[in-house]
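Quick look at protein.cif (mmCIF, C-alpha atoms):
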```cif
data_my_file
loop_
_atom_site.label_atom_id
_atom_site.label_comp_id
_atom_site.auth_asym_id
_atom_site.auth_seq_id
_atom_site.Cartn_x
_atom_site.Cartn_y
_atom_site.Cartn_z
CA MET A 1 0.00 0.00 0.00
CA VAL A 2 2.78 2.42 0.95
CA GLU A 3 4.69 1.56 -2.24
CA LEU A 4 1.56 2.20 -4.34
CA LEU A 5 1.09 5.65 -2.76
CA ALA A 6 4.75 6.46 -3.31
CA HIS A 7 4.60 5.68 -7.03
CA SER A 8 1.14 7.04 -7.83
CA PRO A 9 0.62 10.77 -7.11
CA LEU A 10 -3.06 10.43 -8.05
CA ALA A 11 -3.65 7.56 -5.61
CA LEU A 12 -1.83 9.52 -2.91
CA PHE A 13 -3.93 12.63 -3.52
CA ILE A 14 -7.16 10.62 -3.42
CA VAL A 15 -6.19 9.15 -0.03
CA GLN A 16 -5.30 12.64 1.23
CA ALA A 17 -8.62 14.06 0.02
CA VAL A 18 -10.61 11.23 1.63
CA LEU A 19 -8.89 11.79 4.97
CA ILE A 20 -9.18 15.59 4.86
CA ILE A 21 -12.86 15.68 3.91
CA GLY A 22 -13.79 12.77 6.19
CA VAL A 23 -12.09 14.21 9.29
CA ALA A 24 -13.36 17.75 8.60
CA ARG A 25 -16.97 16.59 8.16
CA GLY A 26 -16.80 14.31 11.20
CA LEU A 27 -15.48 17.09 13.41
CA GLY A 28 -18.01 19.43 11.81
CA LEU A 29 -20.87 17.40 13.19
CA LEU A 30 -19.38 17.66 16.67
CA ALA A 31 -18.74 21.39 16.25
CA ARG A 32 -22.35 22.07 15.30
CA LEU A 33 -23.57 20.13 18.31
CA GLY A 34 -21.47 22.54 20.39
CA GLY A 35 -22.86 25.57 18.58
CA GLN A 36 -19.61 26.29 16.71
CA PRO A 37 -19.24 27.07 12.99
CA MET A 38 -17.93 24.48 10.55
CA VAL A 39 -14.70 26.41 10.02
CA ILE A 40 -13.55 25.55 13.57
CA ALA A 41 -13.76 21.86 12.67
CA GLU A 42 -11.85 22.43 9.42
CA VAL A 43 -8.98 24.23 11.17
CA ALA A 44 -8.88 21.54 13.89
CA ALA A 45 -8.92 18.78 11.25
CA GLY A 46 -5.92 20.32 9.51
CA ILE A 47 -3.96 20.45 12.76
CA MET A 48 -4.93 16.86 13.65
CA LEU A 49 -3.66 15.52 10.32
CA GLY A 50 -0.31 17.28 10.70
CA PRO A 51 2.70 16.65 12.93
CA SER A 52 0.86 17.98 16.00
CA LEU A 53 -1.31 14.84 16.35
CA LEU A 54 -1.03 12.27 13.53
CA GLY A 55 2.71 12.83 13.24
CA TRP A 56 3.05 12.48 17.01
CA LEU A 57 0.87 9.37 17.45
CA TRP A 58 1.77 7.59 14.19
CA PRO A 59 4.78 9.17 12.44
CA ALA A 60 5.04 6.44 9.80
CA ALA A 61 1.43 6.95 8.68
CA LYS A 62 1.86 10.72 8.51
CA ALA A 63 5.06 10.35 6.47
CA ALA A 64 3.37 7.88 4.08
CA VAL A 65 0.12 9.81 3.52
CA PHE A 66 1.50 13.37 3.64
CA PRO A 67 5.10 13.19 2.38
CA LYS A 68 6.80 16.56 1.95
CA GLU A 69 7.02 16.22 -1.83
CA SER A 70 3.22 15.97 -2.12
CA LEU A 71 2.50 19.27 -0.37
CA GLY A 72 2.96 21.32 -3.54
CA LEU A 73 -0.11 19.76 -5.16
CA LEU A 74 -2.10 20.14 -1.96
CA GLN A 75 -1.10 23.79 -1.75
CA MET A 76 -2.20 24.44 -5.32
CA PHE A 77 -5.63 22.90 -4.75
CA SER A 78 -5.98 24.92 -1.56
CA GLN A 79 -5.21 28.18 -3.36
CA VAL A 80 -7.74 27.45 -6.11
CA GLY A 81 -10.32 26.66 -3.44
CA LEU A 82 -9.65 29.98 -1.68
CA VAL A 83 -10.06 31.95 -4.90
CA LEU A 84 -13.38 30.30 -5.72
CA PHE A 85 -14.61 30.68 -2.14
CA MET A 86 -13.83 34.40 -2.09
CA PHE A 87 -15.76 34.71 -5.36
CA LEU A 88 -18.75 33.05 -3.69
CA ILE A 89 -18.49 35.43 -0.73
CA GLY A 90 -18.58 38.36 -3.11
CA LEU A 91 -21.67 36.92 -4.76
CA GLU A 92 -23.44 36.65 -1.40
CA LEU A 93 -22.69 40.23 -0.35
CA ASP A 94 -25.53 42.46 -1.53
CA PRO A 95 -24.26 46.07 -1.89
CA LYS A 96 -27.79 47.39 -1.25
CA VAL A 97 -27.54 46.24 2.37
CA LEU A 98 -24.53 48.53 2.86
CA ARG A 99 -26.26 51.78 1.93
CA GLY A 100 -25.93 54.39 4.63
CA ARG A 101 -23.37 52.34 6.55
CA GLY A 102 -20.19 53.16 4.66
CA ARG A 103 -18.94 55.75 7.17
CA ALA A 104 -19.41 53.41 10.12
CA ALA A 105 -17.75 50.50 8.31
CA LEU A 106 -14.78 52.66 7.28
CA LEU A 107 -14.20 53.99 10.81
CA ILE A 108 -14.56 50.56 12.42
CA SER A 109 -12.29 48.89 9.89
CA GLN A 110 -9.50 51.42 10.31
CA ALA A 111 -9.76 51.41 14.11
CA GLY A 112 -9.60 47.63 13.88
CA ILE A 113 -6.33 48.03 11.97
CA VAL A 114 -4.52 50.82 13.80
CA VAL A 115 -5.08 49.70 17.41
CA PRO A 116 -4.14 45.99 17.06
CA PHE A 117 -1.26 46.86 14.69
CA ALA A 118 0.24 49.21 17.28
CA MET A 119 -0.24 46.69 20.09
CA GLY A 120 1.22 43.87 17.99
CA ALA A 121 4.27 45.92 17.02
CA LEU A 122 4.81 46.90 20.66
CA LEU A 123 4.51 43.26 21.74
CA ALA A 124 7.06 42.26 19.09
CA PHE A 125 9.48 44.87 20.44
CA VAL A 126 9.04 43.56 23.99
CA LEU A 127 9.49 39.92 22.91
CA ARG A 128 12.22 40.58 20.34
CA ALA A 129 14.87 38.68 22.32
CA THR A 130 12.60 35.67 22.83
CA LEU A 131 10.71 35.10 19.57
CA ARG A 132 12.65 36.93 16.82
CA GLU A 133 14.71 34.75 14.50
CA ALA A 134 18.40 35.62 14.15
CA GLY A 135 19.00 37.78 11.12
CA VAL A 136 15.45 39.13 10.86
CA PRO A 137 15.45 42.97 11.04
CA LEU A 138 13.60 44.28 14.08
CA GLY A 139 11.50 46.64 11.95
CA SER A 140 10.31 43.82 9.68
CA PHE A 141 9.54 41.61 12.69
CA MET A 142 7.52 44.37 14.39
CA MET A 143 5.58 45.22 11.23
CA PHE A 144 4.74 41.59 10.52
CA MET A 145 3.54 41.00 14.08
CA GLY A 146 1.44 44.14 13.86
CA THR A 147 -0.05 43.02 10.56
CA SER A 148 -0.84 39.55 11.89
CA MET A 149 -2.70 41.11 14.83
CA CYS A 150 -4.92 43.35 12.69
CA ILE A 151 -6.24 40.70 10.28
CA THR A 152 -9.92 39.81 10.23
CA ALA A 153 -10.71 36.52 8.48
CA PHE A 154 -13.18 37.87 5.95
CA PRO A 155 -14.18 34.48 4.44
CA VAL A 156 -14.47 32.89 7.90
CA LEU A 157 -16.53 35.82 9.18
CA ALA A 158 -18.78 35.52 6.14
CA ARG A 159 -19.33 31.82 6.83
CA ILE A 160 -20.13 32.52 10.48
CA LEU A 161 -22.62 35.26 9.54
CA SER A 162 -24.15 33.04 6.87
CA GLU A 163 -24.55 30.05 9.22
CA ARG A 164 -26.04 32.35 11.90
CA ARG A 165 -28.27 34.06 9.31
CA MET A 166 -26.82 37.46 10.18
CA MET A 167 -25.60 38.50 6.72
CA GLN A 168 -28.66 40.68 6.02
CA THR A 169 -28.82 42.29 9.48
CA LYS A 170 -27.49 45.75 10.32
CA VAL A 171 -24.69 44.43 12.53
CA GLY A 172 -23.78 41.68 10.06
CA ALA A 173 -23.64 44.08 7.12
CA ILE A 174 -21.43 46.56 8.99
CA ALA A 175 -19.14 43.78 10.25
CA ILE A 176 -18.66 42.15 6.84
CA THR A 177 -18.05 45.51 5.15
CA SER A 178 -15.59 46.55 7.86
CA ALA A 179 -13.77 43.23 7.47
CA ALA A 180 -13.53 43.66 3.69
CA ILE A 181 -12.15 47.21 3.96
CA GLY A 182 -9.85 46.24 6.81
CA ASP A 183 -8.41 43.26 4.99
CA VAL A 184 -7.58 45.35 1.92
CA THR A 185 -5.72 47.74 4.24
CA ALA A 186 -4.02 44.84 5.99
CA TRP A 187 -2.92 43.33 2.67
CA CYS A 188 -1.41 46.67 1.69
CA LEU A 189 0.47 46.61 5.00
CA LEU A 190 1.57 43.06 4.28
CA ALA A 191 2.76 44.12 0.82
CA PHE A 192 4.84 46.83 2.49
CA VAL A 193 6.33 44.29 4.92
CA VAL A 194 7.11 41.85 2.10
CA SER A 195 8.72 44.65 0.08
CA THR A 196 10.87 45.56 3.08
CA VAL A 197 11.92 41.96 3.78
CA THR A 198 12.79 41.25 0.18
CA ALA A 199 14.60 44.62 -0.11
CA ARG A 200 12.37 45.89 -2.89
CA GLY A 201 12.06 49.28 -1.22
CA LEU A 202 9.38 51.80 -0.28
CA ASN A 203 8.53 52.65 -3.88
CA ARG A 204 7.21 49.13 -4.49
CA ALA A 205 4.94 49.33 -1.44
CA LEU A 206 3.55 52.72 -2.51
CA GLN A 207 3.08 51.40 -6.04
CA THR A 208 1.01 48.52 -4.65
CA VAL A 209 -1.34 50.93 -2.88
CA GLY A 210 -1.77 53.06 -6.01
CA LEU A 211 -2.37 50.09 -8.30
CA THR A 212 -4.93 48.70 -5.84
CA ALA A 213 -6.92 51.94 -5.94
CA LEU A 214 -6.73 51.99 -9.74
CA TYR A 215 -7.83 48.36 -9.98
CA ILE A 216 -10.88 48.90 -7.75
CA ALA A 217 -11.88 52.00 -9.72
CA LEU A 218 -11.64 50.15 -13.05
CA MET A 219 -13.66 47.20 -11.77
CA PHE A 220 -16.55 49.38 -10.58
CA VAL A 221 -16.49 51.94 -13.39
CA ALA A 222 -15.67 49.81 -16.45
CA VAL A 223 -16.27 46.13 -15.64
CA ARG A 224 -19.44 46.46 -13.56
CA PRO A 225 -21.63 47.83 -16.42
CA PHE A 226 -20.37 45.01 -18.64
CA MET A 227 -21.28 42.43 -16.00
CA ARG A 228 -24.82 43.81 -15.85
CA ARG A 229 -25.29 43.18 -19.56
CA PHE A 230 -23.52 39.83 -19.30
CA GLY A 231 -25.74 38.78 -16.41
CA ALA A 232 -28.89 39.74 -18.32
CA LEU A 233 -28.04 37.05 -20.89
CA ALA A 234 -28.04 34.39 -18.19
CA SER A 235 -30.95 35.41 -15.97
CA SER A 236 -32.50 31.94 -16.13
CA ARG A 237 -31.14 28.45 -15.57
CA GLU A 238 -31.47 27.77 -19.30
CA GLY A 239 -29.46 30.91 -20.03
CA LEU A 240 -26.63 29.88 -17.73
CA THR A 241 -24.96 27.74 -20.35
CA GLN A 242 -21.50 26.24 -20.18
CA ASP A 243 -20.26 29.09 -22.39
CA VAL A 244 -21.56 31.67 -19.92
CA VAL A 245 -19.95 29.81 -17.02
CA ALA A 246 -16.69 29.60 -18.98
CA GLY A 247 -16.81 33.34 -19.64
CA THR A 248 -17.37 34.00 -15.94
CA PHE A 249 -14.41 31.83 -15.03
CA LEU A 250 -12.20 33.69 -17.49
CA LEU A 251 -13.18 37.00 -15.89
CA LEU A 252 -12.61 35.51 -12.44
CA LEU A 253 -9.14 34.26 -13.34
CA GLY A 254 -8.28 37.58 -14.99
CA SER A 255 -9.37 39.58 -11.95
CA SER A 256 -7.50 37.26 -9.59
CA TRP A 257 -4.40 37.41 -11.75
CA ALA A 258 -4.47 41.21 -11.71
CA THR A 259 -4.57 41.47 -7.91
CA GLU A 260 -1.93 38.75 -7.55
CA VAL A 261 0.39 40.72 -9.84
CA ILE A 262 -0.37 43.94 -7.95
CA GLY A 263 0.64 42.24 -4.71
CA ILE A 264 -2.58 42.09 -2.65
CA HIS A 265 -3.30 38.41 -3.36
CA ALA A 266 -5.58 36.76 -5.90
CA LEU A 267 -8.34 36.41 -3.30
CA PHE A 268 -9.30 40.06 -3.50
CA GLY A 269 -9.67 39.98 -7.24
CA ALA A 270 -12.07 37.07 -6.88
CA PHE A 271 -14.03 38.87 -4.16
CA VAL A 272 -14.34 42.15 -6.09
CA LEU A 273 -15.62 40.37 -9.20
CA GLY A 274 -18.22 38.57 -7.09
CA VAL A 275 -19.38 41.88 -5.61
CA ILE A 276 -19.92 43.59 -8.97
CA ILE A 277 -21.90 40.71 -10.50
CA PRO A 278 -25.57 41.81 -10.64
CA ARG A 279 -28.12 40.32 -8.26
CA GLU A 280 -31.06 41.16 -10.49
CA GLY A 281 -32.41 38.25 -12.51
CA GLY A 282 -30.88 35.58 -10.30
CA PHE A 283 -27.52 35.35 -12.10
CA ALA A 284 -25.52 35.48 -8.84
CA THR A 285 -27.81 32.91 -7.20
CA LEU A 286 -27.46 30.49 -10.09
CA LEU A 287 -23.66 30.76 -10.04
CA THR A 288 -23.63 30.15 -6.29
CA ASP A 289 -25.80 27.05 -6.67
CA LYS A 290 -23.39 25.62 -9.23
CA LEU A 291 -20.19 26.21 -7.26
CA GLU A 292 -20.87 26.30 -3.53
CA ASP A 293 -21.01 22.63 -2.54
CA PHE A 294 -17.91 21.63 -4.50
CA VAL A 295 -15.85 24.55 -3.19
CA VAL A 296 -16.91 24.34 0.45
CA VAL A 297 -16.91 20.55 0.79
CA PHE A 298 -13.94 19.59 -1.39
CA LEU A 299 -11.54 22.46 -2.06
CA LEU A 300 -11.61 24.66 1.04
CA PRO A 301 -10.64 21.92 3.55
CA MET A 302 -7.46 21.42 1.49
CA PHE A 303 -6.15 24.78 2.66
CA PHE A 304 -6.82 24.03 6.31
CA ALA A 305 -5.06 20.70 5.95
CA TYR A 306 -2.06 22.35 4.27
CA SER A 307 -1.77 24.89 7.10
CA GLY A 308 -2.21 22.15 9.71
CA LEU A 309 0.64 20.17 8.20
CA ARG A 310 2.91 23.16 8.90
CA THR A 311 1.72 23.63 12.48
CA GLN A 312 3.86 21.89 15.12
CA ILE A 313 2.32 22.25 18.57
CA GLY A 314 5.12 20.08 19.93
CA LEU A 315 7.45 23.08 19.52
CA LEU A 316 5.68 24.69 22.49
CA ASP A 317 7.56 22.43 24.88
CA SER A 318 7.88 24.65 27.94
CA GLN A 319 5.73 26.60 30.36
CA GLN A 320 7.30 29.84 29.12
CA ALA A 321 6.28 29.05 25.54
CA TRP A 322 2.66 28.50 26.54
CA VAL A 323 2.67 31.69 28.62
CA LEU A 324 3.94 33.64 25.60
CA CYS A 325 1.25 32.03 23.46
CA GLY A 326 -1.37 33.16 26.00
CA VAL A 327 0.04 36.70 25.96
CA ILE A 328 -0.18 36.80 22.16
CA ILE A 329 -3.83 35.67 22.27
CA ALA A 330 -4.68 38.24 24.96
CA VAL A 331 -3.05 41.13 23.07
CA ALA A 332 -4.74 40.07 19.81
CA CYS A 333 -8.18 40.02 21.46
CA ALA A 334 -7.68 43.29 23.33
CA GLY A 335 -6.50 45.19 20.26
CA LYS A 336 -9.07 43.98 17.74
CA PHE A 337 -12.08 43.79 20.05
CA GLY A 338 -11.27 47.04 21.86
CA GLY A 339 -10.52 49.09 18.76
CA SER A 340 -13.63 47.90 16.91
CA LEU A 341 -15.90 48.34 19.94
CA ILE A 342 -14.80 51.94 20.59
CA ALA A 343 -15.15 52.86 16.91
CA ALA A 344 -18.63 51.33 16.75
CA ARG A 345 -19.69 53.33 19.82
CA LEU A 346 -18.39 56.51 18.18
CA CYS A 347 -20.70 55.66 15.26
CA ARG A 348 -23.63 55.68 17.72
CA LEU A 349 -24.25 51.97 17.78
CA SER A 350 -25.51 50.49 21.04
CA TRP A 351 -23.14 48.78 23.47
CA ARG A 352 -24.62 45.41 22.50
CA GLU A 353 -24.19 46.05 18.76
CA SER A 354 -20.68 47.45 19.31
CA ALA A 355 -19.63 44.44 21.38
CA THR A 356 -21.05 42.07 18.77
CA ILE A 357 -19.08 43.81 16.01
CA GLY A 358 -15.95 43.71 18.18
CA VAL A 359 -16.28 39.96 18.69
CA LEU A 360 -16.95 39.34 15.00
CA MET A 361 -14.00 41.46 13.87
CA ASN A 362 -11.78 39.47 16.23
CA ALA A 363 -12.22 36.31 14.12
CA ARG A 364 -8.97 35.72 12.23
CA GLY A 365 -9.04 32.08 11.05
CA LEU A 366 -8.60 31.80 7.30
CA MET A 367 -6.95 35.10 6.34
CA GLU A 368 -4.62 34.89 9.33
CA LEU A 369 -3.47 31.46 8.20
CA ILE A 370 -2.70 32.86 4.74
CA VAL A 371 -0.64 35.70 6.23
CA LEU A 372 1.19 33.35 8.58
CA ASN A 373 2.10 30.99 5.75
CA ILE A 374 3.55 33.95 3.84
CA GLY A 375 5.56 35.01 6.90
CA LEU A 376 6.88 31.49 7.42
CA ASP A 377 7.87 31.17 3.77
CA LEU A 378 9.73 34.51 3.94
CA GLY A 379 11.51 33.50 7.14
CA VAL A 380 10.14 36.50 9.09
CA ILE A 381 8.68 34.19 11.74
CA SER A 382 9.97 30.90 13.10
CA PRO A 383 7.99 27.61 13.12
CA THR A 384 7.49 28.13 16.87
CA LEU A 385 5.96 31.60 16.46
CA PHE A 386 3.97 30.32 13.48
CA THR A 387 2.42 27.67 15.75
CA MET A 388 1.62 30.25 18.45
CA LEU A 389 -0.08 32.52 15.92
CA VAL A 390 -2.05 29.61 14.43
CA LEU A 391 -3.37 28.83 17.91
CA MET A 392 -4.20 32.53 18.29
CA ALA A 393 -6.14 32.42 15.02
CA LEU A 394 -8.05 29.35 16.19
CA ALA A 395 -8.80 30.84 19.62
CA THR A 396 -10.06 34.18 18.30
CA THR A 397 -12.25 32.45 15.71
CA LEU A 398 -13.64 30.14 18.41
CA VAL A 399 -14.52 33.15 20.57
#
```

Show me, as structure tokens, the structure contained in the file I just sent.
Amino acid sequence: MVELLAHSPLALFIVQAVLIIGVARGLGLLARLGGQPMVIAEVAAGIMLGPSLLGWLWPAAKAAVFPKESLGLLQMFSQVGLVLFMFLIGLELDPKVLRGRGRAALLISQAGIVVPFAMGALLAFVLRATLREAGVPLGSFMMFMGTSMCITAFPVLARILSERRMMQTKVGAIAITSAAIGDVTAWCLLAFVVSTVTARGLNRALQTVGLTALYIALMFVAVRPFMRRFGALASSREGLTQDVVAGTFLLLLGSSWATEVIGIHALFGAFVLGVIIPREGGFATLLTDKLEDFVVVFLLPMFFAYSGLRTQIGLLDSQQAWVLCGVIIAVACAGKFGGSLIAARLCRLSWRESATIGVLMNARGLMELIVLNIGLDLGVISPTLFTMLVLMALATTLV
């Protein structure tokens, strides 16, 4: 059996997919019984299949089913799944719900960036002798820690709001809009950090911000009217032919490619295209019906598994390490929850609504894992800090 998996990449991938989907769905049933969203189970499943549990209990099985050389294919499937999922989130977000709430969402999103970023950078400075890798510039380390603290997991938040049927409520609409604006800002910050680490300079970071603004303007001014006419051709199930679906996929890939080249990740290109697709006539609903089950059930768990395979809880092998992990979680919660709550109160929301938005904005799961994987690949954070921040992402999403 082991020899067959070693010589057949397809057989190996099928076994991996069966395990990932089976464990995620099994844990999902338990999570729902406990009143938790499915995404908690998917993150936990990824960690369980990695070195933290499977690799600890049965190293030979983990090495046979998830050998290092197979992770490239798993990563590629996970990235495709993320792009398609962000497109679906854009389709589900009705811009009409956001009317009259843009000012509140903008203030909350920026407060939810500035406060946790400052607290994260300060924490990095305090812990520089303990957690910073040798050779990593202090400025880059502080900026990356600040960026990791100010992320809101937009796709995860959208799934939580959807499962709780809060997407169309006032609080849900403000929270999801704030998360979208905040994540664009956070990705611009991340682009600046990446430019600094790779010695590409300040000009590259400023160029990223300018190109992002230009891209958004072109999508809403030029592409949106075209999508309205395009959607009118497919306003019925009979009209949504394979050619129409193929055309939509080409636009999706083009939009994702543009934002990937700009430097703010392909996910935002997918999300923006989903947002500008018209809701009239049922075009967005029909596309969602065609894609949702395959993306959510098959592709998305691949990303959680890939991240889990890189998480090594065994690295936290001392009381000091767990104390530091607890400090990171506490600072992350205080910065994001506190900043969002105060901003919401300034926008004249009630204490209950403000606290709800603060809790929702504190969810970091999916987007945080993406940022952390980038930081680990760049060498800005160590595997130990990566594990601590993954646990922080899981804890804040659970809350």

Decode the PyMOL selection byres ((chain A and resi 273) around 10) for the given file into explicit residues and return them as a compact mmCIF listing (two decimals) with C-alpha atoms, keeping the file's coordinate frame.
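The resulting file, selection-v1.txt, is reproduced below:
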```txt
# COMPACT_ATOMS: atom_id res chain seq x y z
CA MET A 86 -13.83 34.40 -2.09
CA PHE A 87 -15.76 34.71 -5.36
CA LEU A 88 -18.75 33.05 -3.69
CA GLY A 90 -18.58 38.36 -3.11
CA LEU A 91 -21.67 36.92 -4.76
CA ILE A 216 -10.88 48.90 -7.75
CA MET A 219 -13.66 47.20 -11.77
CA PHE A 220 -16.55 49.38 -10.58
CA VAL A 223 -16.27 46.13 -15.64
CA ARG A 224 -19.44 46.46 -13.56
CA MET A 227 -21.28 42.43 -16.00
CA THR A 248 -17.37 34.00 -15.94
CA LEU A 251 -13.18 37.00 -15.89
CA LEU A 252 -12.61 35.51 -12.44
CA LEU A 253 -9.14 34.26 -13.34
CA GLY A 254 -8.28 37.58 -14.99
CA SER A 255 -9.37 39.58 -11.95
CA SER A 256 -7.50 37.26 -9.59
CA PHE A 268 -9.30 40.06 -3.50
CA GLY A 269 -9.67 39.98 -7.24
CA ALA A 270 -12.07 37.07 -6.88
CA PHE A 271 -14.03 38.87 -4.16
CA VAL A 272 -14.34 42.15 -6.09
CA GLY A 274 -18.22 38.57 -7.09
CA VAL A 275 -19.38 41.88 -5.61
CA ILE A 276 -19.92 43.59 -8.97
CA ILE A 277 -21.90 40.71 -10.50
```

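The neighbours of Ala153 (chain A) here are the residues that come within 6 Å of it, using all atoms listed in the file and leaving out any residue fewer than 2 positions away in the same chain; they are A:Pro155, A:Val156, A:Leu157, A:Ala363, A:Arg364, A:Gly365, A:Leu366, A:Met367.
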
Computed gap from CA of Cys325 (chain A) to CA of Ser148 (chain A) is 14.0 Å

As a check of understanding: the span from CA of Gln79 (chain A) to CA of Met48 (chain A) is 20.4 Å

Suppose a student applies the PyMOL selection byres ((chain A and resi 20) around 9) to this structure; what residues should they get, written as a PDB file with C-alpha atoms, in the frame of the given file?
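Done, and the output landed in expr08.pdb:
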```pdb
ATOM      1  CA  VAL A  15      -6.190   9.150  -0.030  1.00  0.00           C
ATOM      2  CA  GLN A  16      -5.300  12.640   1.230  1.00  0.00           C
ATOM      3  CA  ALA A  17      -8.620  14.060   0.020  1.00  0.00           C
ATOM      4  CA  VAL A  18     -10.610  11.230   1.630  1.00  0.00           C
ATOM      5  CA  LEU A  19      -8.890  11.790   4.970  1.00  0.00           C
ATOM      6  CA  ILE A  21     -12.860  15.680   3.910  1.00  0.00           C
ATOM      7  CA  GLY A  22     -13.790  12.770   6.190  1.00  0.00           C
ATOM      8  CA  VAL A  23     -12.090  14.210   9.290  1.00  0.00           C
ATOM      9  CA  ALA A  24     -13.360  17.750   8.600  1.00  0.00           C
ATOM     10  CA  ARG A  25     -16.970  16.590   8.160  1.00  0.00           C
ATOM     11  CA  GLU A  42     -11.850  22.430   9.420  1.00  0.00           C
ATOM     12  CA  ALA A  45      -8.920  18.780  11.250  1.00  0.00           C
ATOM     13  CA  GLY A  46      -5.920  20.320   9.510  1.00  0.00           C
ATOM     14  CA  LEU A  49      -3.660  15.520  10.320  1.00  0.00           C
ATOM     15  CA  PHE A 298     -13.940  19.590  -1.390  1.00  0.00           C
ATOM     16  CA  PRO A 301     -10.640  21.920   3.550  1.00  0.00           C
ATOM     17  CA  MET A 302      -7.460  21.420   1.490  1.00  0.00           C
ATOM     18  CA  PHE A 304      -6.820  24.030   6.310  1.00  0.00           C
ATOM     19  CA  ALA A 305      -5.060  20.700   5.950  1.00  0.00           C
TER      20      ALA A 305
END
```

Residues matched by the PyMOL selection byres ((chain A and resi 348-354) around 12), written as a ChimeraX atom specification: /A:101,103-105,107-108,169-175,337-347,355-361

- [ ] Counting all atoms listed in the file, write as a ChimeraX atom specification all protein and nucleic acid residues lying at most 12 Å from (0.4, 40.8, -0.7) in the file's frame.
- [x] /A:147,183-195,204-205,208-209,212,259-268,367,370-375

Counting only C-alpha atoms, the residue among A:Asp317, A:Tyr306, A:Leu161, A:Leu300 that lies closest to Val80 (chain A) is A:Leu300

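Shortest separation to Met142 (chain A) among A:Ile181, A:Leu84, A:Ala121, A:Ile160 occurs at residue A:Ala121, atoms counted being all atoms listed in the file.
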
For Thr397 (chain A), the closest of A:Leu27, A:Leu12, A:Ala44, A:Val331 counting all atoms listed in the file is A:Ala44

Judged by all atoms listed in the file, the minimum distance to Arg128 (chain A) among A:Ile381, A:Leu206, A:Val83, A:Ala41 is found for A:Ile381

Using all atoms listed in the file, the shortest atom-to-atom distance to Thr288 (chain A) among A:Val327, A:Ile89, A:Met145, A:Ala232 belongs to A:Ile89

Report task. Go ahead and compute the interatomic distance for CA of Trp257 (chain A) and CA of Ala222 (chain A), in Å to one decimal. Result ->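 That distance, rounded to one decimal, is 17.4 Å.
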
So, counting all atoms listed in the file, which residue among A:Ile329, A:Leu299, A:Leu398, A:Val380 is closest to Arg132 (chain A)?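 Under the stated criterion, the closest residue is A:Val380.
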
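Non-sequential neighbours of Phe303 (chain A) (distance at most 8 Å, separation of 5 or more positions within a chain, only C-alpha atoms) are A:Leu74, A:Gln75, A:Phe77, A:Ser78, A:Gln79, A:Gly81, A:Leu82.
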
Take the residues just selected and output them with C-alpha atoms as a PDB file, keeping the file's coordinate frame.
```
ATOM      1  CA  LEU A  74      -2.100  20.140  -1.960  1.00  0.00           C
ATOM      2  CA  GLN A  75      -1.100  23.790  -1.750  1.00  0.00           C
ATOM      3  CA  PHE A  77      -5.630  22.900  -4.750  1.00  0.00           C
ATOM      4  CA  SER A  78      -5.980  24.920  -1.560  1.00  0.00           C
ATOM      5  CA  GLN A  79      -5.210  28.180  -3.360  1.00  0.00           C
ATOM      6  CA  GLY A  81     -10.320  26.660  -3.440  1.00  0.00           C
ATOM      7  CA  LEU A  82      -9.650  29.980  -1.680  1.00  0.00           C
TER       8      LEU A  82
END
```
